[in-house]
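Source file: input_2.cif (mmCIF, C-alpha atoms)
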```cif
data_input
loop_
_atom_site.label_atom_id
_atom_site.label_comp_id
_atom_site.auth_asym_id
_atom_site.auth_seq_id
_atom_site.Cartn_x
_atom_site.Cartn_y
_atom_site.Cartn_z
CA GLY A 1 36.20 0.19 -10.46
CA TYR A 2 33.08 -0.44 -12.46
CA ALA A 3 29.81 1.46 -12.20
CA THR A 4 26.92 -0.79 -11.20
CA GLY A 5 23.20 -0.10 -11.35
CA VAL A 6 20.11 -1.53 -9.71
CA ILE A 7 17.09 -1.25 -11.98
CA SER A 8 13.53 -2.32 -11.23
CA GLU A 9 11.02 -3.33 -13.89
CA ALA A 10 8.25 -1.74 -11.82
CA GLY A 11 8.51 0.60 -8.90
CA CYS A 12 11.47 2.15 -7.20
CA PRO A 13 14.54 -0.01 -6.53
CA ALA A 14 15.02 -0.81 -2.82
CA VAL A 15 11.64 0.74 -1.85
CA ALA A 16 9.20 -2.15 -1.40
CA ASP A 17 11.25 -3.73 -4.15
CA PRO A 18 14.46 -5.82 -4.21
CA GLY A 19 17.68 -3.89 -4.20
CA ALA A 20 18.16 -2.82 -0.58
CA ASP A 21 20.74 -5.58 0.03
CA VAL A 22 22.87 -4.42 -2.90
CA VAL A 23 22.69 -0.82 -1.68
CA ALA A 24 23.59 -1.92 1.88
CA ILE A 25 26.71 -3.67 0.55
CA ALA A 26 27.70 -0.54 -1.40
CA GLN A 27 27.20 1.62 1.71
CA ARG A 28 29.24 -0.81 3.83
CA GLU A 29 32.04 -0.68 1.26
CA HIS A 30 31.88 3.16 1.24
CA LEU A 31 30.99 3.17 -2.45
CA PRO A 32 29.03 6.13 -3.79
CA VAL A 33 25.29 5.47 -4.08
CA VAL A 34 23.40 7.75 -6.46
CA PRO A 35 19.60 7.41 -6.31
CA LEU A 36 17.80 8.41 -9.48
CA VAL A 37 14.19 9.51 -9.57
CA GLY A 38 11.77 6.94 -10.94
CA PRO A 39 8.13 6.03 -10.56
CA SER A 40 7.03 4.70 -7.18
CA SER A 41 3.52 3.27 -7.05
CA ILE A 42 3.51 3.91 -3.30
CA LEU A 43 4.13 7.65 -3.66
CA MET A 44 1.96 7.97 -6.76
CA SER A 45 -0.98 6.37 -4.94
CA LEU A 46 -0.47 8.67 -1.94
CA MET A 47 -0.38 11.71 -4.24
CA ALA A 48 -3.71 10.72 -5.83
CA SER A 49 -5.52 9.53 -2.67
CA GLY A 50 -6.34 12.86 -1.05
CA PHE A 51 -4.84 11.53 2.20
CA ASN A 52 -2.16 12.95 4.54
CA GLY A 53 1.14 13.16 2.67
CA GLN A 54 2.97 14.71 5.65
CA SER A 55 2.68 11.62 7.84
CA PHE A 56 2.36 8.17 6.28
CA ALA A 57 3.68 4.66 6.77
CA PHE A 58 4.20 1.88 4.26
CA GLN A 59 3.37 -1.44 5.92
CA GLY A 60 4.15 -3.86 3.06
CA TYR A 61 2.07 -7.05 3.13
CA LEU A 62 -0.37 -7.63 6.00
CA PRO A 63 -0.57 -11.09 7.62
CA ILE A 64 -2.34 -13.79 5.58
CA GLU A 65 -3.85 -15.64 8.58
CA ALA A 66 -7.38 -14.24 9.18
CA GLY A 67 -7.12 -13.50 12.92
CA GLU A 68 -3.71 -11.84 12.66
CA ARG A 69 -4.79 -9.90 9.58
CA ILE A 70 -7.92 -8.48 11.26
CA LYS A 71 -5.87 -7.58 14.36
CA ARG A 72 -3.31 -5.76 12.15
CA ILE A 73 -6.03 -3.92 10.18
CA LYS A 74 -7.54 -2.66 13.46
CA GLN A 75 -4.09 -1.52 14.65
CA LEU A 76 -3.56 0.41 11.41
CA GLU A 77 -6.98 2.05 11.63
CA GLN A 78 -6.17 3.05 15.23
CA ARG A 79 -2.97 4.76 14.01
CA VAL A 80 -4.99 6.65 11.39
CA TYR A 81 -7.18 8.18 14.11
CA ALA A 82 -4.59 8.49 16.90
CA GLU A 83 -1.76 9.93 14.79
CA GLY A 84 -3.48 11.21 11.64
CA GLN A 85 -1.09 8.98 9.70
CA THR A 86 -1.99 7.51 6.31
CA GLN A 87 -1.46 3.74 6.33
CA ILE A 88 -0.31 2.22 3.03
CA PHE A 89 -0.09 -1.51 2.29
CA ILE A 90 -0.15 -4.04 -0.54
CA GLU A 91 -1.63 -7.46 -1.20
CA THR A 92 -1.09 -10.30 -3.63
CA PRO A 93 -3.37 -9.41 -6.57
CA TYR A 94 -5.57 -12.51 -6.29
CA ARG A 95 -6.40 -11.53 -2.66
CA ASN A 96 -7.37 -7.90 -3.40
CA HIS A 97 -11.11 -8.50 -3.01
CA LYS A 98 -10.57 -10.34 0.29
CA MET A 99 -8.55 -7.34 1.50
CA ILE A 100 -11.37 -4.92 0.70
CA GLU A 101 -13.91 -7.26 2.35
CA ASP A 102 -11.74 -7.54 5.49
CA LEU A 103 -11.35 -3.75 5.67
CA VAL A 104 -15.11 -3.21 5.25
CA ARG A 105 -15.82 -5.78 8.00
CA SER A 106 -13.13 -4.65 10.44
CA CYS A 107 -13.07 -0.85 10.22
CA ARG A 108 -15.47 2.03 10.84
CA PRO A 109 -17.80 2.75 7.90
CA HIS A 110 -16.59 6.38 7.67
CA THR A 111 -12.89 5.39 7.51
CA ARG A 112 -11.72 6.04 3.96
CA LEU A 113 -9.97 3.58 1.68
CA CYS A 114 -8.14 4.43 -1.52
CA VAL A 115 -7.45 1.58 -3.93
CA ALA A 116 -4.83 2.51 -6.51
CA ALA A 117 -4.69 -0.20 -9.16
CA ASP A 118 -2.58 -0.63 -12.29
CA ILE A 119 -0.75 2.64 -11.61
CA SER A 120 0.82 4.15 -14.75
CA CYS A 121 -0.86 1.54 -16.98
CA PRO A 122 -3.64 2.21 -19.51
CA ASP A 123 -6.28 0.74 -17.15
CA GLU A 124 -5.12 2.79 -14.13
CA SER A 125 -7.80 3.26 -11.48
CA ILE A 126 -7.35 5.32 -8.32
CA ARG A 127 -10.50 5.55 -6.22
CA THR A 128 -11.10 6.90 -2.70
CA LEU A 129 -14.36 6.07 -0.90
CA SER A 130 -15.49 5.52 2.68
CA LEU A 131 -15.59 1.85 3.66
CA GLY A 132 -19.36 2.20 3.91
CA GLU A 133 -19.37 3.26 0.24
CA TRP A 134 -16.93 0.45 -0.74
CA ALA A 135 -19.40 -2.04 0.81
CA LYS A 136 -22.04 -0.94 -1.75
CA THR A 137 -19.72 -0.47 -4.74
CA LYS A 138 -18.99 -2.90 -7.57
CA TYR A 139 -15.29 -3.28 -8.31
CA ASP A 140 -12.96 -5.68 -10.07
CA TYR A 141 -9.38 -5.73 -8.86
CA GLN A 142 -8.79 -9.47 -9.19
CA LYS A 143 -5.29 -10.15 -10.53
CA THR A 144 -4.54 -6.40 -10.66
CA PRO A 145 -1.52 -4.95 -8.83
CA ALA A 146 -2.93 -2.52 -6.26
CA ILE A 147 -1.91 -0.28 -3.39
CA PHE A 148 -4.29 0.18 -0.44
CA LEU A 149 -4.34 3.40 1.59
CA LEU A 150 -6.35 3.91 4.78
CA TYR A 151 -7.16 7.29 6.31
CA LYS A 152 -9.83 9.13 8.29
#
```

Rewrite the structure of this file - the entire thing - as structure tokens.
Amino acid sequence: GYATGVISEAGCPAVADPGADVVAIAQREHLPVVPLVGPSSILMSLMASGFNGQSFAFQGYLPIEAGERIKRIKQLEQRVYAEGQTQIFIETPYRNHKMIEDLVRSCRPHTRLCVAADISCPDESIRTLSLGEWAKTKYDYQKTPAIFLLYK
């Protein structure tokens, strides 16, 4: 047989990135799957956040519809306090500012948010502040790939 590879231009193949279907087929066919270490913006942002790295959950994209989104944000904040679990999620870059605004409006002011933007790029920015501090801070993450992490 032929060796086949799944490569991602950014991130880690099959982790919040396409590739899981190809790996599932290989597993079903009992073909050897050899994961190779590569950069993962999710793990890199967790490493730099100062948040709990023993218990965390990646939630992917949150709902777009305002009511559902706020409900989901409140659920995630509840998990932070009930379970001590870091909540990690992403957003389409042009909605980053809306995400920060929704978090500031929906969560407790002392809940902390880390925004990890442009990870591994020259303009990388990884910043952890309370939501009360984010409310008073100037930032520009429009059109910038970012990871959001929520913790107590």

For the contact check between region 60-113 of chain A and region 126-143 of chain A, emit one row per residue of region 60-113 of chain A within 8 Å, containing the shortest atom pair and the distance in Å rounded to one decimal, counting only C-alpha atoms, chain then rising number order, as CSV.
```
residue,atom,partner,partner_atom,distance
A:Pro93,CA,A:Lys143,CA,4.5
A:Tyr94,CA,A:Lys143,CA,4.9
A:Arg95,CA,A:Gln142,CA,7.3
A:Asn96,CA,A:Gln142,CA,6.2
A:His97,CA,A:Gln142,CA,6.7
A:Ile100,CA,A:Trp134,CA,7.9
A:Glu101,CA,A:Ala135,CA,7.7
A:Leu103,CA,A:Leu131,CA,7.3
A:Val104,CA,A:Leu131,CA,5.3
A:Cys107,CA,A:Leu131,CA,7.5
A:Arg108,CA,A:Leu131,CA,7.2
A:Pro109,CA,A:Gly132,CA,4.3
A:His110,CA,A:Ser130,CA,5.2
A:Thr111,CA,A:Ser130,CA,5.5
A:Arg112,CA,A:Ser130,CA,4.0
A:Leu113,CA,A:Thr128,CA,5.6
```

So which one's closest to Phe58 (chain A), A:Ala82, A:Ala16, A:Val6, A:Ile70? Using only C-alpha atoms, please.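 For Phe58 (chain A), the nearest of the candidates is A:Ala16.
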
Applying the PyMOL selection byres ((chain A and resi 43) around 10) to the file I just gave you, which residues come out? Please list them as a PyMOL selection string. chain A and resi 11-12+39-42+44-49+53+58+88+147

Interatomic distance (Å, one decimal) between CA of Ser125 (chain A) and CA of Glu91 (chain A):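 Pair CA of Ser125 (chain A) / CA of Glu91 (chain A) returns 16.1 Å.
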
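The smallest atom-to-atom distance between Arg72 (chain A) and any of A:Ala3, A:Phe89, A:Ala116, A:Lys98, using only C-alpha atoms, is found for A:Phe89.
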
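Closest to Lys74 (chain A) among A:Val15, A:Cys121, A:Val115, A:Leu150 is A:Leu150, based on all atoms listed in the file.
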
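For the pair CA of Arg105 (chain A) and CA of Thr144 (chain A), the separation is 21.8 Å.
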
Got a sec: who's within 9 Å of Gln85 (chain A), counting all atoms listed in the file, leaving out chain neighbours fewer than 5 positions off, as a list in words?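 Residues near the query, excluding close chain neighbours: Phe51, Asn52, Gly53, Gln54, Ser55, Phe56, Ala57, Arg79, Val80, Leu150, Tyr151 and Lys152 of chain A.
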
Produce a file of the selected residues containing C-alpha atoms, as a PDB file, keeping the file's coordinate frame.
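again.pdb, freshly written:
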```pdb
ATOM      1  CA  PHE A  51      -4.840  11.530   2.200  1.00  0.00           C
ATOM      2  CA  ASN A  52      -2.160  12.950   4.540  1.00  0.00           C
ATOM      3  CA  GLY A  53       1.140  13.160   2.670  1.00  0.00           C
ATOM      4  CA  GLN A  54       2.970  14.710   5.650  1.00  0.00           C
ATOM      5  CA  SER A  55       2.680  11.620   7.840  1.00  0.00           C
ATOM      6  CA  PHE A  56       2.360   8.170   6.280  1.00  0.00           C
ATOM      7  CA  ALA A  57       3.680   4.660   6.770  1.00  0.00           C
ATOM      8  CA  ARG A  79      -2.970   4.760  14.010  1.00  0.00           C
ATOM      9  CA  VAL A  80      -4.990   6.650  11.390  1.00  0.00           C
ATOM     10  CA  LEU A 150      -6.350   3.910   4.780  1.00  0.00           C
ATOM     11  CA  TYR A 151      -7.160   7.290   6.310  1.00  0.00           C
ATOM     12  CA  LYS A 152      -9.830   9.130   8.290  1.00  0.00           C
TER      13      LYS A 152
END
```

What's the separation between CA of Arg28 (chain A) and CA of Ser8 (chain A), in Å to one decimal place? 21.8 Å

What would the selection look like, as an MDAnalysis selection string, if the PyMOL selection byres ((chain A and resi 61) around 9) were run on the coordinates I just shared? chainID A and resid 59:60 62:64 89:92

Region 122-133 of chain A: axis-aligned bounding box, 6 Å on each side, centre and edge lengths in Å, one decimal, as AutoDock Vina command-line options:
```
--center_x -11.5 --center_y 3.8 --center_z -7.8 --size_x 27.7 --size_y 18.2 --size_z 35.4
```

Evaluate the PyMOL selection byres ((chain A and resi 23) around 12) and report residues as a PyMOL selection string: chain A and resi 4-7+13-15+18-22+24-35

Could region 14-25 of chain A be completed with all heavy atoms and returned as a PDB file, keeping the file's coordinate frame?
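Output below, filename result-v2.pdb:
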```pdb
ATOM      1  N   ALA A  14      14.751  -0.820  -4.260  1.00  0.00           N
ATOM      2  CA  ALA A  14      15.020  -0.810  -2.820  1.00  0.00           C
ATOM      3  C   ALA A  14      13.889  -0.209  -1.985  1.00  0.00           C
ATOM      4  O   ALA A  14      13.996  -0.160  -0.779  1.00  0.00           O
ATOM      5  CB  ALA A  14      16.348  -0.113  -2.504  1.00  0.00           C
ATOM      6  N   VAL A  15      12.803   0.255  -2.600  1.00  0.00           N
ATOM      7  CA  VAL A  15      11.640   0.740  -1.850  1.00  0.00           C
ATOM      8  C   VAL A  15      10.497  -0.208  -2.157  1.00  0.00           C
ATOM      9  O   VAL A  15       9.927  -0.171  -3.242  1.00  0.00           O
ATOM     10  CB  VAL A  15      11.271   2.196  -2.225  1.00  0.00           C
ATOM     11  CG1 VAL A  15      10.036   2.651  -1.456  1.00  0.00           C
ATOM     12  CG2 VAL A  15      12.439   3.134  -1.977  1.00  0.00           C
ATOM     13  N   ALA A  16      10.186  -1.089  -1.204  1.00  0.00           N
ATOM     14  CA  ALA A  16       9.200  -2.150  -1.400  1.00  0.00           C
ATOM     15  C   ALA A  16       9.517  -2.931  -2.675  1.00  0.00           C
ATOM     16  O   ALA A  16       8.635  -3.328  -3.414  1.00  0.00           O
ATOM     17  CB  ALA A  16       7.783  -1.582  -1.446  1.00  0.00           C
ATOM     18  N   ASP A  17      10.777  -3.111  -2.918  1.00  0.00           N
ATOM     19  CA  ASP A  17      11.250  -3.730  -4.150  1.00  0.00           C
ATOM     20  C   ASP A  17      12.663  -4.249  -3.845  1.00  0.00           C
ATOM     21  O   ASP A  17      13.367  -3.648  -3.038  1.00  0.00           O
ATOM     22  CB  ASP A  17      11.307  -2.662  -5.251  1.00  0.00           C
ATOM     23  CG  ASP A  17      11.409  -3.247  -6.644  1.00  0.00           C
ATOM     24  OD1 ASP A  17      10.386  -3.762  -7.110  1.00  0.00           O
ATOM     25  OD2 ASP A  17      12.491  -3.175  -7.229  1.00  0.00           O
ATOM     26  N   PRO A  18      13.092  -5.338  -4.472  1.00  0.00           N
ATOM     27  CA  PRO A  18      14.460  -5.820  -4.210  1.00  0.00           C
ATOM     28  C   PRO A  18      15.493  -4.744  -4.533  1.00  0.00           C
ATOM     29  O   PRO A  18      15.245  -3.858  -5.325  1.00  0.00           O
ATOM     30  CB  PRO A  18      14.598  -7.009  -5.157  1.00  0.00           C
ATOM     31  CG  PRO A  18      13.216  -7.424  -5.475  1.00  0.00           C
ATOM     32  CD  PRO A  18      12.378  -6.181  -5.424  1.00  0.00           C
ATOM     33  N   GLY A  19      16.602  -4.831  -3.922  1.00  0.00           N
ATOM     34  CA  GLY A  19      17.680  -3.890  -4.200  1.00  0.00           C
ATOM     35  C   GLY A  19      18.339  -3.354  -2.944  1.00  0.00           C
ATOM     36  O   GLY A  19      19.482  -2.928  -2.972  1.00  0.00           O
ATOM     37  N   ALA A  20      17.611  -3.376  -1.817  1.00  0.00           N
ATOM     38  CA  ALA A  20      18.160  -2.820  -0.580  1.00  0.00           C
ATOM     39  C   ALA A  20      19.445  -3.522  -0.153  1.00  0.00           C
ATOM     40  O   ALA A  20      20.374  -2.878   0.340  1.00  0.00           O
ATOM     41  CB  ALA A  20      17.119  -2.882   0.546  1.00  0.00           C
ATOM     42  N   ASP A  21      19.532  -4.844  -0.374  1.00  0.00           N
ATOM     43  CA  ASP A  21      20.740  -5.580   0.030  1.00  0.00           C
ATOM     44  C   ASP A  21      21.950  -5.127  -0.762  1.00  0.00           C
ATOM     45  O   ASP A  21      23.044  -4.978  -0.212  1.00  0.00           O
ATOM     46  CB  ASP A  21      20.535  -7.091  -0.148  1.00  0.00           C
ATOM     47  CG  ASP A  21      19.517  -7.660   0.839  1.00  0.00           C
ATOM     48  OD1 ASP A  21      19.217  -6.982   1.849  1.00  0.00           O
ATOM     49  OD2 ASP A  21      19.032  -8.770   0.591  1.00  0.00           O
ATOM     50  N   VAL A  22      21.775  -4.887  -2.054  1.00  0.00           N
ATOM     51  CA  VAL A  22      22.870  -4.420  -2.900  1.00  0.00           C
ATOM     52  C   VAL A  22      23.329  -3.033  -2.444  1.00  0.00           C
ATOM     53  O   VAL A  22      24.527  -2.757  -2.330  1.00  0.00           O
ATOM     54  CB  VAL A  22      22.449  -4.398  -4.386  1.00  0.00           C
ATOM     55  CG1 VAL A  22      23.535  -3.784  -5.253  1.00  0.00           C
ATOM     56  CG2 VAL A  22      22.115  -5.797  -4.864  1.00  0.00           C
ATOM     57  N   VAL A  23      22.362  -2.168  -2.148  1.00  0.00           N
ATOM     58  CA  VAL A  23      22.690  -0.820  -1.680  1.00  0.00           C
ATOM     59  C   VAL A  23      23.395  -0.887  -0.327  1.00  0.00           C
ATOM     60  O   VAL A  23      24.373  -0.165  -0.090  1.00  0.00           O
ATOM     61  CB  VAL A  23      21.422   0.062  -1.605  1.00  0.00           C
ATOM     62  CG1 VAL A  23      21.732   1.406  -0.983  1.00  0.00           C
ATOM     63  CG2 VAL A  23      20.815   0.237  -2.995  1.00  0.00           C
ATOM     64  N   ALA A  24      22.952  -1.779   0.559  1.00  0.00           N
ATOM     65  CA  ALA A  24      23.590  -1.920   1.880  1.00  0.00           C
ATOM     66  C   ALA A  24      25.049  -2.335   1.730  1.00  0.00           C
ATOM     67  O   ALA A  24      25.924  -1.824   2.442  1.00  0.00           O
ATOM     68  CB  ALA A  24      22.821  -2.931   2.728  1.00  0.00           C
ATOM     69  N   ILE A  25      25.324  -3.240   0.790  1.00  0.00           N
ATOM     70  CA  ILE A  25      26.710  -3.670   0.550  1.00  0.00           C
ATOM     71  C   ILE A  25      27.538  -2.473   0.055  1.00  0.00           C
ATOM     72  O   ILE A  25      28.643  -2.231   0.541  1.00  0.00           O
ATOM     73  CB  ILE A  25      26.765  -4.832  -0.468  1.00  0.00           C
ATOM     74  CG1 ILE A  25      26.159  -6.088   0.156  1.00  0.00           C
ATOM     75  CG2 ILE A  25      28.190  -5.074  -0.948  1.00  0.00           C
ATOM     76  CD1 ILE A  25      25.854  -7.187  -0.848  1.00  0.00           C
TER      77      ILE A  25
END
```
